[in-house]
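Novice: My structure is stored as coords26.tsv, with TSV, N, CA and C atoms.
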chain	number	residue	atom	x	y	z
A	1	MET	N	0.84	-1.17	0.00
A	1	MET	CA	0.00	0.00	0.00
A	1	MET	C	0.89	1.24	0.00
A	2	MET	N	0.52	2.26	-0.75
A	2	MET	CA	1.34	3.45	-0.92
A	2	MET	C	1.62	4.15	0.41
A	3	ARG	N	0.67	4.18	1.33
A	3	ARG	CA	0.89	4.90	2.59
A	3	ARG	C	2.03	4.27	3.39
A	4	ASP	N	2.33	3.01	3.17
A	4	ASP	CA	3.44	2.35	3.87
A	4	ASP	C	4.80	2.84	3.38
A	5	TYR	N	4.83	3.51	2.24
A	5	TYR	CA	6.09	4.01	1.70
A	5	TYR	C	6.52	5.34	2.33
A	6	VAL	N	5.60	6.05	2.94
A	6	VAL	CA	5.92	7.32	3.58
A	6	VAL	C	5.99	7.06	5.08
A	7	LEU	N	7.20	7.14	5.64
A	7	LEU	CA	7.45	6.69	7.00
A	7	LEU	C	7.22	7.76	8.06
A	8	GLY	N	7.24	8.99	7.69
A	8	GLY	CA	7.09	10.07	8.66
A	8	GLY	C	7.80	11.31	8.16
A	9	ILE	N	7.93	12.28	9.03
A	9	ILE	CA	8.58	13.53	8.65
A	9	ILE	C	10.09	13.37	8.82
A	10	ASP	N	10.83	13.64	7.74
A	10	ASP	CA	12.29	13.62	7.79
A	10	ASP	C	12.80	14.85	8.53
A	11	HIS	N	12.27	16.01	8.21
A	11	HIS	CA	12.59	17.25	8.90
A	11	HIS	C	11.48	18.25	8.59
A	12	LEU	N	11.42	19.30	9.37
A	12	LEU	CA	10.47	20.37	9.15
A	12	LEU	C	11.26	21.64	8.94
A	13	GLY	N	11.06	22.29	7.80
A	13	GLY	CA	11.76	23.53	7.48
A	13	GLY	C	10.91	24.72	7.86
A	14	LEU	N	11.49	25.64	8.64
A	14	LEU	CA	10.79	26.82	9.09
A	14	LEU	C	11.52	28.08	8.65
A	15	THR	N	10.81	29.03	8.08
A	15	THR	CA	11.37	30.35	7.82
A	15	THR	C	11.26	31.14	9.11
A	16	VAL	N	12.36	31.79	9.50
A	16	VAL	CA	12.38	32.54	10.76
A	16	VAL	C	12.80	33.98	10.50
A	17	ALA	N	12.26	34.89	11.30
A	17	ALA	CA	12.58	36.31	11.16
A	17	ALA	C	13.97	36.64	11.69
A	18	ASP	N	14.45	35.86	12.66
A	18	ASP	CA	15.76	36.12	13.28
A	18	ASP	C	16.44	34.77	13.52
A	19	LEU	N	17.30	34.37	12.61
A	19	LEU	CA	17.94	33.06	12.68
A	19	LEU	C	18.71	32.87	13.98
A	20	ASP	N	19.49	33.86	14.39
A	20	ASP	CA	20.29	33.72	15.61
A	20	ASP	C	19.40	33.52	16.84
A	21	ALA	N	18.30	34.28	16.91
A	21	ALA	CA	17.39	34.16	18.06
A	21	ALA	C	16.69	32.80	18.07
A	22	SER	N	16.27	32.34	16.90
A	22	SER	CA	15.60	31.03	16.83
A	22	SER	C	16.57	29.90	17.17
A	23	LYS	N	17.77	29.97	16.61
A	23	LYS	CA	18.77	28.94	16.91
A	23	LYS	C	19.09	28.93	18.40
A	24	ALA	N	19.27	30.09	19.01
A	24	ALA	CA	19.55	30.16	20.44
A	24	ALA	C	18.40	29.58	21.26
A	25	PHE	N	17.17	29.81	20.83
A	25	PHE	CA	16.02	29.27	21.55
A	25	PHE	C	16.07	27.74	21.57
A	26	PHE	N	16.23	27.14	20.40
A	26	PHE	CA	16.24	25.67	20.34
A	26	PHE	C	17.47	25.07	21.02
A	27	VAL	N	18.63	25.69	20.85
A	27	VAL	CA	19.87	25.15	21.41
A	27	VAL	C	19.99	25.45	22.91
A	28	ASP	N	19.79	26.71	23.29
A	28	ASP	CA	20.05	27.10	24.67
A	28	ASP	C	18.85	26.88	25.60
A	29	ALA	N	17.64	27.14	25.11
A	29	ALA	CA	16.46	26.95	25.98
A	29	ALA	C	16.03	25.49	26.03
A	30	LEU	N	16.08	24.80	24.87
A	30	LEU	CA	15.57	23.43	24.81
A	30	LEU	C	16.67	22.37	24.80
A	31	GLY	N	17.93	22.77	24.64
A	31	GLY	CA	19.04	21.81	24.70
A	31	GLY	C	19.25	21.01	23.43
A	32	TRP	N	18.73	21.49	22.29
A	32	TRP	CA	18.93	20.80	21.03
A	32	TRP	C	20.35	21.03	20.54
A	33	ASP	N	20.77	20.26	19.54
A	33	ASP	CA	22.09	20.38	18.94
A	33	ASP	C	21.99	20.96	17.54
A	34	VAL	N	23.00	21.72	17.15
A	34	VAL	CA	23.12	22.15	15.76
A	34	VAL	C	23.70	20.97	15.00
A	35	VAL	N	23.01	20.53	13.95
A	35	VAL	CA	23.44	19.37	13.18
A	35	VAL	C	23.77	19.71	11.74
A	36	GLY	N	23.76	20.99	11.40
A	36	GLY	CA	24.09	21.39	10.05
A	36	GLY	C	23.58	22.78	9.77
A	37	GLY	N	23.63	23.13	8.50
A	37	GLY	CA	23.15	24.43	8.07
A	37	GLY	C	23.83	24.84	6.78
A	38	LYS	N	23.40	25.94	6.25
A	38	LYS	CA	23.98	26.50	5.04
A	38	LYS	C	24.27	27.97	5.31
A	39	PRO	N	25.52	28.28	5.70
A	39	PRO	CA	25.86	29.66	6.06
A	39	PRO	C	25.58	30.66	4.94
A	40	GLU	N	25.67	30.22	3.69
A	40	GLU	CA	25.45	31.14	2.57
A	40	GLU	C	23.99	31.55	2.41
A	41	TYR	N	23.05	30.81	3.02
A	41	TYR	CA	21.62	31.15	2.87
A	41	TYR	C	21.23	32.36	3.69
A	42	PRO	N	21.38	32.47	4.97
A	42	PRO	CA	21.86	31.51	5.96
A	42	PRO	C	20.74	30.65	6.55
A	43	SER	N	21.18	29.52	7.12
A	43	SER	CA	20.25	28.61	7.80
A	43	SER	C	21.01	27.84	8.87
A	44	ALA	N	20.26	27.23	9.76
A	44	ALA	CA	20.82	26.35	10.79
A	44	ALA	C	19.88	25.17	10.94
A	45	PHE	N	20.43	23.98	11.09
A	45	PHE	CA	19.63	22.77	11.28
A	45	PHE	C	19.84	22.31	12.72
A	46	VAL	N	18.74	22.09	13.44
A	46	VAL	CA	18.81	21.71	14.84
A	46	VAL	C	18.03	20.42	15.08
A	47	SER	N	18.47	19.66	16.09
A	47	SER	CA	17.81	18.38	16.37
A	47	SER	C	17.90	18.06	17.86
A	48	ASN	N	16.89	17.35	18.33
A	48	ASN	CA	16.91	16.81	19.69
A	48	ASN	C	17.17	15.30	19.65
A	49	GLY	N	17.53	14.78	18.51
A	49	GLY	CA	17.77	13.35	18.35
A	49	GLY	C	16.55	12.61	17.81
A	50	ALA	N	15.38	13.22	17.92
A	50	ALA	CA	14.16	12.61	17.40
A	50	ALA	C	13.56	13.43	16.27
A	51	ALA	N	13.66	14.74	16.38
A	51	ALA	CA	13.12	15.65	15.37
A	51	ALA	C	14.25	16.53	14.83
A	52	VAL	N	14.13	16.92	13.57
A	52	VAL	CA	15.08	17.84	12.96
A	52	VAL	C	14.28	19.02	12.41
A	53	LEU	N	14.72	20.22	12.77
A	53	LEU	CA	14.16	21.44	12.20
A	53	LEU	C	15.24	22.12	11.39
A	54	THR	N	14.88	22.57	10.20
A	54	THR	CA	15.79	23.41	9.44
A	54	THR	C	15.24	24.82	9.52
A	55	LEU	N	16.05	25.73	10.04
A	55	LEU	CA	15.66	27.12	10.26
A	55	LEU	C	16.28	27.98	9.18
A	56	TRP	N	15.45	28.70	8.43
A	56	TRP	CA	15.89	29.46	7.27
A	56	TRP	C	15.60	30.93	7.51
A	57	GLN	N	16.63	31.77	7.37
A	57	GLN	CA	16.47	33.21	7.58
A	57	GLN	C	15.53	33.80	6.54
A	58	GLN	N	14.53	34.51	7.00
A	58	GLN	CA	13.60	35.22	6.11
A	58	GLN	C	14.37	36.27	5.33
A	59	LYS	N	13.99	36.44	4.07
A	59	LYS	CA	14.67	37.39	3.20
A	59	LYS	C	13.64	38.21	2.43
A	60	GLY	N	14.10	39.26	1.82
A	60	GLY	CA	13.25	40.02	0.91
A	60	GLY	C	12.74	41.32	1.49
A	61	GLU	N	12.16	42.11	0.61
A	61	GLU	CA	11.65	43.43	0.97
A	61	GLU	C	10.30	43.37	1.67
A	62	HIS	N	9.54	42.34	1.43
A	62	HIS	CA	8.16	42.27	1.91
A	62	HIS	C	8.01	41.27	3.04
A	63	GLN	N	8.89	41.34	4.02
A	63	GLN	CA	8.83	40.40	5.13
A	63	GLN	C	7.59	40.66	5.97
A	64	ARG	N	6.90	39.58	6.30
A	64	ARG	CA	5.70	39.65	7.12
A	64	ARG	C	5.86	38.69	8.28
A	65	GLY	N	5.19	38.99	9.36
A	65	GLY	CA	5.21	38.10	10.51
A	65	GLY	C	4.33	36.89	10.28
A	66	PHE	N	4.38	35.97	11.22
A	66	PHE	CA	3.61	34.74	11.17
A	66	PHE	C	2.11	35.05	11.26
A	67	ASP	N	1.32	34.41	10.41
A	67	ASP	CA	-0.14	34.55	10.46
A	67	ASP	C	-0.76	33.23	10.04
A	68	ARG	N	-1.16	32.42	11.01
A	68	ARG	CA	-1.68	31.09	10.73
A	68	ARG	C	-3.01	31.13	9.99
A	69	HIS	N	-3.71	32.26	10.04
A	69	HIS	CA	-5.00	32.36	9.39
A	69	HIS	C	-4.90	32.84	7.94
A	70	ALA	N	-3.86	33.60	7.62
A	70	ALA	CA	-3.80	34.26	6.31
A	70	ALA	C	-2.85	33.60	5.31
A	71	HIS	N	-1.88	32.86	5.79
A	71	HIS	CA	-0.87	32.32	4.89
A	71	HIS	C	-1.03	30.82	4.72
A	72	VAL	N	-0.83	30.35	3.52
A	72	VAL	CA	-0.79	28.91	3.28
A	72	VAL	C	0.52	28.40	3.84
A	73	GLY	N	0.48	27.28	4.53
A	73	GLY	CA	1.70	26.72	5.10
A	73	GLY	C	1.50	26.40	6.57
A	74	LEU	N	2.53	26.61	7.33
A	74	LEU	CA	2.55	26.21	8.73
A	74	LEU	C	1.47	26.91	9.55
A	75	HIS	N	0.68	26.14	10.26
A	75	HIS	CA	-0.26	26.66	11.26
A	75	HIS	C	0.45	26.64	12.62
A	76	HIS	N	1.10	25.53	12.93
A	76	HIS	CA	1.99	25.41	14.08
A	76	HIS	C	2.72	24.08	13.98
A	77	ALA	N	3.83	23.99	14.67
A	77	ALA	CA	4.54	22.72	14.84
A	77	ALA	C	4.23	22.24	16.25
A	78	ALA	N	4.01	20.94	16.43
A	78	ALA	CA	3.67	20.39	17.74
A	78	ALA	C	4.68	19.32	18.13
A	79	PHE	N	5.18	19.43	19.34
A	79	PHE	CA	6.14	18.46	19.87
A	79	PHE	C	5.53	17.77	21.08
A	80	LYS	N	5.69	16.45	21.14
A	80	LYS	CA	5.17	15.71	22.29
A	80	LYS	C	6.25	15.59	23.36
A	81	VAL	N	5.79	15.55	24.60
A	81	VAL	CA	6.67	15.36	25.73
A	81	VAL	C	6.20	14.12	26.49
A	82	PRO	N	7.08	13.49	27.31
A	82	PRO	CA	6.74	12.19	27.89
A	82	PRO	C	5.72	12.20	29.02
A	83	ASP	N	5.60	13.32	29.74
A	83	ASP	CA	4.67	13.33	30.88
A	83	ASP	C	4.37	14.78	31.27
A	84	GLU	N	3.44	14.93	32.20
A	84	GLU	CA	3.01	16.27	32.61
A	84	GLU	C	4.14	17.04	33.29
A	85	GLU	N	4.97	16.35	34.04
A	85	GLU	CA	6.11	17.00	34.69
A	85	GLU	C	7.06	17.60	33.66
A	86	ALA	N	7.32	16.86	32.58
A	86	ALA	CA	8.17	17.36	31.51
A	86	ALA	C	7.53	18.56	30.82
A	87	LEU	N	6.22	18.51	30.61
A	87	LEU	CA	5.51	19.62	29.99
A	87	LEU	C	5.70	20.89	30.82
A	88	LYS	N	5.54	20.77	32.12
A	88	LYS	CA	5.71	21.93	33.00
A	88	LYS	C	7.15	22.41	33.00
A	89	ALA	N	8.11	21.50	32.95
A	89	ALA	CA	9.53	21.88	32.92
A	89	ALA	C	9.87	22.62	31.64
A	90	VAL	N	9.35	22.14	30.51
A	90	VAL	CA	9.59	22.83	29.23
A	90	VAL	C	8.95	24.21	29.27
A	91	PHE	N	7.72	24.29	29.77
A	91	PHE	CA	7.06	25.59	29.85
A	91	PHE	C	7.87	26.56	30.70
A	92	ASP	N	8.34	26.10	31.86
A	92	ASP	CA	9.14	26.97	32.74
A	92	ASP	C	10.43	27.42	32.06
A	93	ALA	N	11.00	26.56	31.22
A	93	ALA	CA	12.26	26.89	30.54
A	93	ALA	C	12.06	27.91	29.42
A	94	VAL	N	10.88	27.96	28.80
A	94	VAL	CA	10.70	28.81	27.63
A	94	VAL	C	9.82	30.03	27.85
A	95	LYS	N	9.00	30.04	28.89
A	95	LYS	CA	7.99	31.10	29.04
A	95	LYS	C	8.58	32.50	29.14
A	96	ASP	N	9.75	32.64	29.74
A	96	ASP	CA	10.37	33.95	29.89
A	96	ASP	C	11.59	34.12	28.99
A	97	TRP	N	11.76	33.20	28.03
A	97	TRP	CA	12.91	33.28	27.13
A	97	TRP	C	12.78	34.54	26.27
A	98	PRO	N	13.88	35.26	26.04
A	98	PRO	CA	13.81	36.49	25.23
A	98	PRO	C	13.19	36.23	23.86
A	99	GLY	N	12.19	37.02	23.53
A	99	GLY	CA	11.54	36.93	22.23
A	99	GLY	C	10.41	35.93	22.16
A	100	VAL	N	10.19	35.14	23.20
A	100	VAL	CA	9.10	34.17	23.21
A	100	VAL	C	7.80	34.88	23.62
A	101	THR	N	6.73	34.58	22.89
A	101	THR	CA	5.40	35.04	23.26
A	101	THR	C	4.59	33.81	23.65
A	102	VAL	N	4.03	33.83	24.85
A	102	VAL	CA	3.19	32.73	25.32
A	102	VAL	C	1.76	33.00	24.85
A	103	GLU	N	1.23	32.09	24.03
A	103	GLU	CA	-0.16	32.21	23.60
A	103	GLU	C	-1.08	31.70	24.71
A	104	PHE	N	-0.76	30.54	25.27
A	104	PHE	CA	-1.45	30.06	26.47
A	104	PHE	C	-0.56	29.08	27.20
A	105	SER	N	-0.68	29.06	28.53
A	105	SER	CA	0.11	28.18	29.38
A	105	SER	C	-0.54	26.80	29.43
A	106	PRO	N	0.11	25.81	30.07
A	106	PRO	CA	-0.44	24.45	30.06
A	106	PRO	C	-1.90	24.40	30.50
A	107	GLU	N	-2.70	23.76	29.65
A	107	GLU	CA	-4.13	23.61	29.88
A	107	GLU	C	-4.62	22.40	29.11
A	108	PRO	N	-5.80	21.88	29.48
A	108	PRO	CA	-6.35	20.75	28.72
A	108	PRO	C	-6.63	21.16	27.27
A	109	SER	N	-6.41	20.23	26.37
A	109	SER	CA	-6.78	20.42	24.97
A	109	SER	C	-8.20	19.93	24.82
A	110	GLY	N	-9.12	20.83	24.58
A	110	GLY	CA	-10.53	20.45	24.53
A	110	GLY	C	-10.96	19.90	25.88
A	111	GLN	N	-11.54	18.72	25.87
A	111	GLN	CA	-11.99	18.06	27.10
A	111	GLN	C	-10.89	17.23	27.75
A	112	GLY	N	-9.67	17.26	27.18
A	112	GLY	CA	-8.58	16.46	27.73
A	112	GLY	C	-8.68	15.03	27.23
A	113	PRO	N	-7.87	14.13	27.67
A	113	PRO	CA	-6.89	14.30	28.74
A	113	PRO	C	-5.59	14.96	28.29
A	114	LYS	N	-5.44	15.24	26.98
A	114	LYS	CA	-4.21	15.88	26.52
A	114	LYS	C	-4.09	17.25	27.18
A	115	ILE	N	-2.85	17.58	27.57
A	115	ILE	CA	-2.52	18.89	28.13
A	115	ILE	C	-1.47	19.50	27.22
A	116	HIS	N	-1.62	20.79	26.92
A	116	HIS	CA	-0.69	21.41	25.99
A	116	HIS	C	-0.51	22.89	26.32
A	117	PHE	N	0.52	23.49	25.69
A	117	PHE	CA	0.67	24.95	25.71
A	117	PHE	C	1.19	25.38	24.36
A	118	MET	N	1.02	26.68	24.07
A	118	MET	CA	1.37	27.22	22.76
A	118	MET	C	2.19	28.49	22.95
A	119	ILE	N	3.27	28.60	22.18
A	119	ILE	CA	4.12	29.79	22.19
A	119	ILE	C	4.43	30.21	20.76
A	120	GLN	N	5.00	31.37	20.61
A	120	GLN	CA	5.71	31.74	19.40
A	120	GLN	C	7.17	31.85	19.79
A	121	GLU	N	8.03	31.13	19.05
A	121	GLU	CA	9.47	31.19	19.33
A	121	GLU	C	10.00	32.53	18.81
A	122	PRO	N	11.23	32.92	19.18
A	122	PRO	CA	11.74	34.24	18.83
A	122	PRO	C	11.76	34.55	17.33
A	123	GLY	N	11.81	33.54	16.49
A	123	GLY	CA	11.81	33.76	15.05
A	123	GLY	C	10.42	33.90	14.47
A	124	GLY	N	9.39	33.76	15.31
A	124	GLY	CA	8.03	34.02	14.88
A	124	GLY	C	7.15	32.81	14.65
A	125	ASN	N	7.67	31.60	14.71
A	125	ASN	CA	6.85	30.42	14.44
A	125	ASN	C	6.08	29.98	15.68
A	126	ARG	N	4.88	29.51	15.44
A	126	ARG	CA	3.99	29.05	16.50
A	126	ARG	C	4.32	27.60	16.82
A	127	ILE	N	4.58	27.31	18.12
A	127	ILE	CA	5.01	25.98	18.54
A	127	ILE	C	4.13	25.51	19.69
A	128	GLU	N	3.67	24.27	19.58
A	128	GLU	CA	2.88	23.64	20.64
A	128	GLU	C	3.72	22.54	21.27
A	129	PHE	N	3.58	22.39	22.58
A	129	PHE	CA	4.16	21.26	23.31
A	129	PHE	C	3.00	20.57	23.99
A	130	ALA	N	2.95	19.23	23.90
A	130	ALA	CA	1.78	18.50	24.39
A	130	ALA	C	2.17	17.20	25.07
A	131	TYR	N	1.36	16.85	26.08
A	131	TYR	CA	1.44	15.57	26.75
A	131	TYR	C	0.07	14.91	26.67
A	132	ASP	N	0.04	13.69	26.18
A	132	ASP	CA	-1.21	12.95	26.08
A	132	ASP	C	-1.04	11.62	26.82
A	133	PRO	N	-1.72	11.44	27.96
A	133	PRO	CA	-1.54	10.23	28.75
A	133	PRO	C	-2.11	8.97	28.09
A	134	ARG	N	-2.87	9.13	27.02
A	134	ARG	CA	-3.43	7.96	26.35
A	134	ARG	C	-2.32	7.22	25.65
Here is a file; write its structure as structure tokens.
Specialist:
Amino acid sequence: MMRDYVLGIDHLGLTVADLDASKAFFVDALGWDVVGGKPEYPSAFVSNGAAVLTLWQQKGEHQRGFDRHAHVGLHHAAFKVPDEEALKAVFDAVKDWPGVTVEFSPEPSGQGPKIHFMIQEPGGNRIEFAYDPR
């Protein structure tokens, strides 16, 4: 069956308004590693060993901020965490990080039992972190 040929996401490429700020967020706030990049673009590739993000510096005269309602493309990226304690630890690590905007703090997703929170990282992308006990 064709769906068996697509195994999952190899990496997620994000355009960011400030490459240095986004890279610092993932590396310094979340403890990810830089695993590559293209300095001539510029870009940086970061990974936590399970996920890879390629961060690409926004370019051009008509730069616009993130708008999940108006632009085709990314609505948000969502990362799972192993338990509620980890979710709270991640939230505490990022909520006051320079350039981070907290959309909402940990709360049930709908009727639960999933618990999640949503931020915008310093480069402007909307990121969700979630724990689902199911």
Novice: Interatomic distance between atom CA of Asp83 of chain A and atom CA of Ala130 of chain A?
Specialist: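 These atoms are spaced 8.8 Å apart.
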Novice: Taking only C-alpha atoms into account, name the residue in A:Glu121, A:Asp33, A:Glu40, A:Asp96 that is nearest to His76 of chain A.
Specialist: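 Closest candidate: A:Glu121.
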Novice: Atom CA of Phe79 of chain A and atom CA of Pro39 of chain A are how many Å apart?
Specialist: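 Atom CA of Pro39 of chain A lies 26.6 Å from atom CA of Phe79 of chain A.
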Novice: Which residues are near Leu55 of chain A? Cut-off 6.5 Å, all atoms listed in the file, ignore same chain within fewer than 2 positions. Put them as a ChimeraX atom specification.
Specialist: /A:12-16,19,42-46,53,57
Novice: Go through A:Tyr5, A:Leu30, A:Gly124, A:Glu85 one by one, measure the shortest atom-to-atom distance of each to Val100 of chain A using all atoms listed in the file, and give the residue with the smallest value.
Specialist: A:Gly124
Novice: Mind listing the strand (DSSP E) residues of chain A, per DSSP on the backbone, as a PyMOL selection string?
Specialist: chain A and resi 12-16+33-36+43-47+52-57+77-80+101-108+115-120+126-131
Novice: For a quick check of understanding, using all atoms listed in the file, which of A:Ala93, A:Ile119, A:Leu74, A:Ala51 has the smallest distance to Ser105 of chain A?
Specialist: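 Smallest distance to Ser105 of chain A is found for A:Ile119.
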Novice: In Å, with one decimal, what is the gap from atom CA of Glu61 of chain A to atom N of Asn125 of chain A?
Specialist: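 The value is 18.6 Å.
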Novice: Just checking: using only N, CA and C atoms, which residue out of A:His11, A:Trp56, A:Phe129, A:Gly123 ends up closest to Pro106 of chain A?
Specialist: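 Among A:His11, A:Trp56, A:Phe129, A:Gly123, it is A:Phe129 that comes nearest to Pro106 of chain A.
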Novice: Can you tell me which residues surround Val94 of chain A at a distance of at most 12 Å, considering only C-alpha atoms, apart from same-chain residues fewer than 6 positions away, and format the answer as JSON, numbers by chain?
Specialist: {"A": [24, 25, 26, 27, 28, 29, 30, 31, 87, 88, 100, 101, 102, 105, 117, 118, 119, 120, 121, 122, 127, 128, 129]}
Novice: Write out N, CA, C and O atoms for segment 100-112 of chain A, as a PDB file, keeping the file's coordinate frame.
Specialist:
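File written: rebuild.pdb
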ATOM      1  N   VAL A 100      10.190  35.140  23.200  1.00  0.00           N
ATOM      2  CA  VAL A 100       9.100  34.170  23.210  1.00  0.00           C
ATOM      3  C   VAL A 100       7.800  34.880  23.620  1.00  0.00           C
ATOM      4  O   VAL A 100       7.785  35.672  24.553  1.00  0.00           O
ATOM      5  N   THR A 101       6.730  34.580  22.890  1.00  0.00           N
ATOM      6  CA  THR A 101       5.400  35.040  23.260  1.00  0.00           C
ATOM      7  C   THR A 101       4.590  33.810  23.650  1.00  0.00           C
ATOM      8  O   THR A 101       4.500  32.854  22.884  1.00  0.00           O
ATOM      9  N   VAL A 102       4.030  33.830  24.850  1.00  0.00           N
ATOM     10  CA  VAL A 102       3.190  32.730  25.320  1.00  0.00           C
ATOM     11  C   VAL A 102       1.760  33.000  24.850  1.00  0.00           C
ATOM     12  O   VAL A 102       1.174  34.022  25.199  1.00  0.00           O
ATOM     13  N   GLU A 103       1.230  32.090  24.030  1.00  0.00           N
ATOM     14  CA  GLU A 103      -0.160  32.210  23.600  1.00  0.00           C
ATOM     15  C   GLU A 103      -1.080  31.700  24.710  1.00  0.00           C
ATOM     16  O   GLU A 103      -2.082  32.331  25.016  1.00  0.00           O
ATOM     17  N   PHE A 104      -0.760  30.540  25.270  1.00  0.00           N
ATOM     18  CA  PHE A 104      -1.450  30.060  26.470  1.00  0.00           C
ATOM     19  C   PHE A 104      -0.560  29.080  27.200  1.00  0.00           C
ATOM     20  O   PHE A 104       0.254  28.389  26.602  1.00  0.00           O
ATOM     21  N   SER A 105      -0.680  29.060  28.530  1.00  0.00           N
ATOM     22  CA  SER A 105       0.110  28.180  29.380  1.00  0.00           C
ATOM     23  C   SER A 105      -0.540  26.800  29.430  1.00  0.00           C
ATOM     24  O   SER A 105      -1.621  26.602  28.870  1.00  0.00           O
ATOM     25  N   PRO A 106       0.110  25.810  30.070  1.00  0.00           N
ATOM     26  CA  PRO A 106      -0.440  24.450  30.060  1.00  0.00           C
ATOM     27  C   PRO A 106      -1.900  24.400  30.500  1.00  0.00           C
ATOM     28  O   PRO A 106      -2.285  24.960  31.530  1.00  0.00           O
ATOM     29  N   GLU A 107      -2.700  23.760  29.650  1.00  0.00           N
ATOM     30  CA  GLU A 107      -4.130  23.610  29.880  1.00  0.00           C
ATOM     31  C   GLU A 107      -4.620  22.400  29.110  1.00  0.00           C
ATOM     32  O   GLU A 107      -3.953  21.951  28.165  1.00  0.00           O
ATOM     33  N   PRO A 108      -5.800  21.880  29.480  1.00  0.00           N
ATOM     34  CA  PRO A 108      -6.350  20.750  28.720  1.00  0.00           C
ATOM     35  C   PRO A 108      -6.630  21.160  27.270  1.00  0.00           C
ATOM     36  O   PRO A 108      -7.039  22.289  26.996  1.00  0.00           O
ATOM     37  N   SER A 109      -6.410  20.230  26.370  1.00  0.00           N
ATOM     38  CA  SER A 109      -6.780  20.420  24.970  1.00  0.00           C
ATOM     39  C   SER A 109      -8.200  19.930  24.820  1.00  0.00           C
ATOM     40  O   SER A 109      -8.462  18.729  24.969  1.00  0.00           O
ATOM     41  N   GLY A 110      -9.120  20.830  24.580  1.00  0.00           N
ATOM     42  CA  GLY A 110     -10.530  20.450  24.530  1.00  0.00           C
ATOM     43  C   GLY A 110     -10.960  19.900  25.880  1.00  0.00           C
ATOM     44  O   GLY A 110     -10.723  20.504  26.926  1.00  0.00           O
ATOM     45  N   GLN A 111     -11.540  18.720  25.870  1.00  0.00           N
ATOM     46  CA  GLN A 111     -11.990  18.060  27.100  1.00  0.00           C
ATOM     47  C   GLN A 111     -10.890  17.230  27.750  1.00  0.00           C
ATOM     48  O   GLN A 111     -11.141  16.542  28.727  1.00  0.00           O
ATOM     49  N   GLY A 112      -9.670  17.260  27.180  1.00  0.00           N
ATOM     50  CA  GLY A 112      -8.580  16.460  27.730  1.00  0.00           C
ATOM     51  C   GLY A 112      -8.680  15.030  27.230  1.00  0.00           C
ATOM     52  O   GLY A 112      -9.512  14.731  26.391  1.00  0.00           O
TER      53      GLY A 112
END
